[in-house]
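Data block below; observations after.
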Amino acid sequence: MKSKLLEPIFDMFFPRRCMLCNNNYALDNLCESCRSRCFSCPLGSFGFSPEHKGALFYYELSIRDALRGAKFQRNYSLARLVNQILHEALEHNMHIERLRDFAPDAICYVPTHWMRRSLRGFDLPSSFAALIAQHLNKPLVHALTKTTLKKPQSSIQSKSSRLLAVKSMFKLRTQKKNYQKLVLIDDIVTTGATFDECTRVLKPIANKIICLAFAKTP
């Protein structure tokens, strides 16, 4: 590993490139141009249960490119970049303050089917949930499992079709413990259909549930 004293020299002859555009100099893997195209989602509501859902970013421009590369192209570097963006967002995002005020007992996540997880090599929702659990100093629980493998929700356009597609897709992984409050994490949310189905399944073990996605489609 190169010394901190030698970093300026290395940067002069071997400038670090942005992981998204691969053009501009990037001090922390993301150039200022691409970083400026990461638009935060305001502290608002959406979906069927407005008071219980939110997202950190809009799924567009730099956030969309990073998530697509990580999730659908098996790009481990972009997966690390997305986790880095989340880690930075946890320091000053109003949604995190909302979660802190909510005072959850634990953090859980929308699971990926084991076959798709094996093909991708990693699972973004669980890694996001682990980071948030660590930031809030709360336990991470593997509360749900995905029972069926269907075509991705991103390939389904209408809201009614998405609701039908996720019906009975998840089940409780454990019923050993009940929680007063849970936070449910996912990577991308569009209509909120997956959040609603997972919330329904979690109801027997949780009195209150807040849902938070990394990104929301505009």
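Identifiers in this document derive from the order of the structure tokens: chains are assigned A, B, ..., residues are numbered from 1 separately in each chain, and ligands are numbered from 1 in order of occurrence.
For Cys34 of chain A, the residues within 10 Å (counting only C-alpha atoms, excluding itself and residues fewer than 4 positions away along the chain) are A:Cys18, A:Met19, A:Leu20, A:Cys21, A:Asn24, A:Ala26, A:Leu30, A:Cys38, A:Leu61, A:Ser62, A:Ile63.
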Excluding Leu172 of chain A and any residue of its chain fewer than 4 positions from it, enumerate the residues within 12 Å of it, using only C-alpha atoms, and give them as a PyMOL selection string. chain A and resi 108-111+141-147+168+176-178+197-206
What does the distance from atom CA of Ile210 of chain A to atom CA of Lys53 of chain A come to in Å, to one decimal?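 Atom CA of Ile210 of chain A sits 6.1 Å away from atom CA of Lys53 of chain A.
When only C-alpha atoms are used to compute distances to Asn29 of chain A, the closest of the residues A:Cys41, A:Ile85, A:Ala70, A:Leu149 turns out to be A:Ile85.
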Excluding Ile185 of chain A and its own-chain neighbours fewer than 5 positions away, which residues fall within 10 Å of it when counting only C-alpha atoms? Please give them as a VMD selection string. chain A and resid 53 to 55 107 to 111 124 to 130 132 195 210 to 214
Name the closest residue to Lys208 of chain A among the candidates A:His135, A:His52, A:Arg74, A:Arg16; distances are taken between atoms, counting only C-alpha atoms.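 Residue with the minimum atom-to-atom distance to Lys208 of chain A: A:His52.
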I need the residues in segment 16-192 of chain A that are helix (DSSP H, G or I) according to DSSP; give them as a VMD selection string. chain A and resid 32 to 35 50 to 52 61 to 72 76 to 89 94 to 102 114 to 120 124 to 136 153 to 155 159 to 165
Let me make sure I understand: among A:Leu56, A:Ala103, A:Trp114, A:Lys171, which one has the smallest atom-to-atom distance to Asp186 of chain A if we use only C-alpha atoms?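 With only C-alpha atoms as the atom set, the closest residue is A:Leu56.
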Neighbours of Met94 of chain A within 8 Å (only C-alpha atoms; same-chain residues fewer than 3 positions away dropped), as a list in words? Leu43, Glu97 and Arg98 of chain A
Lys138 of chain A environment, 7 Å, only C-alpha atoms, sequence neighbours closer than 3 positions dropped, as a list of chain:residue names: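 After dropping sequence-adjacent residues, the list is A:Asp105, A:Ala106, A:Ile107, A:Ala133, A:Gln134.
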Atom-to-atom span, atom CA of His92 of chain A and atom CA of Leu184 of chain A, Å: 19.9 Å
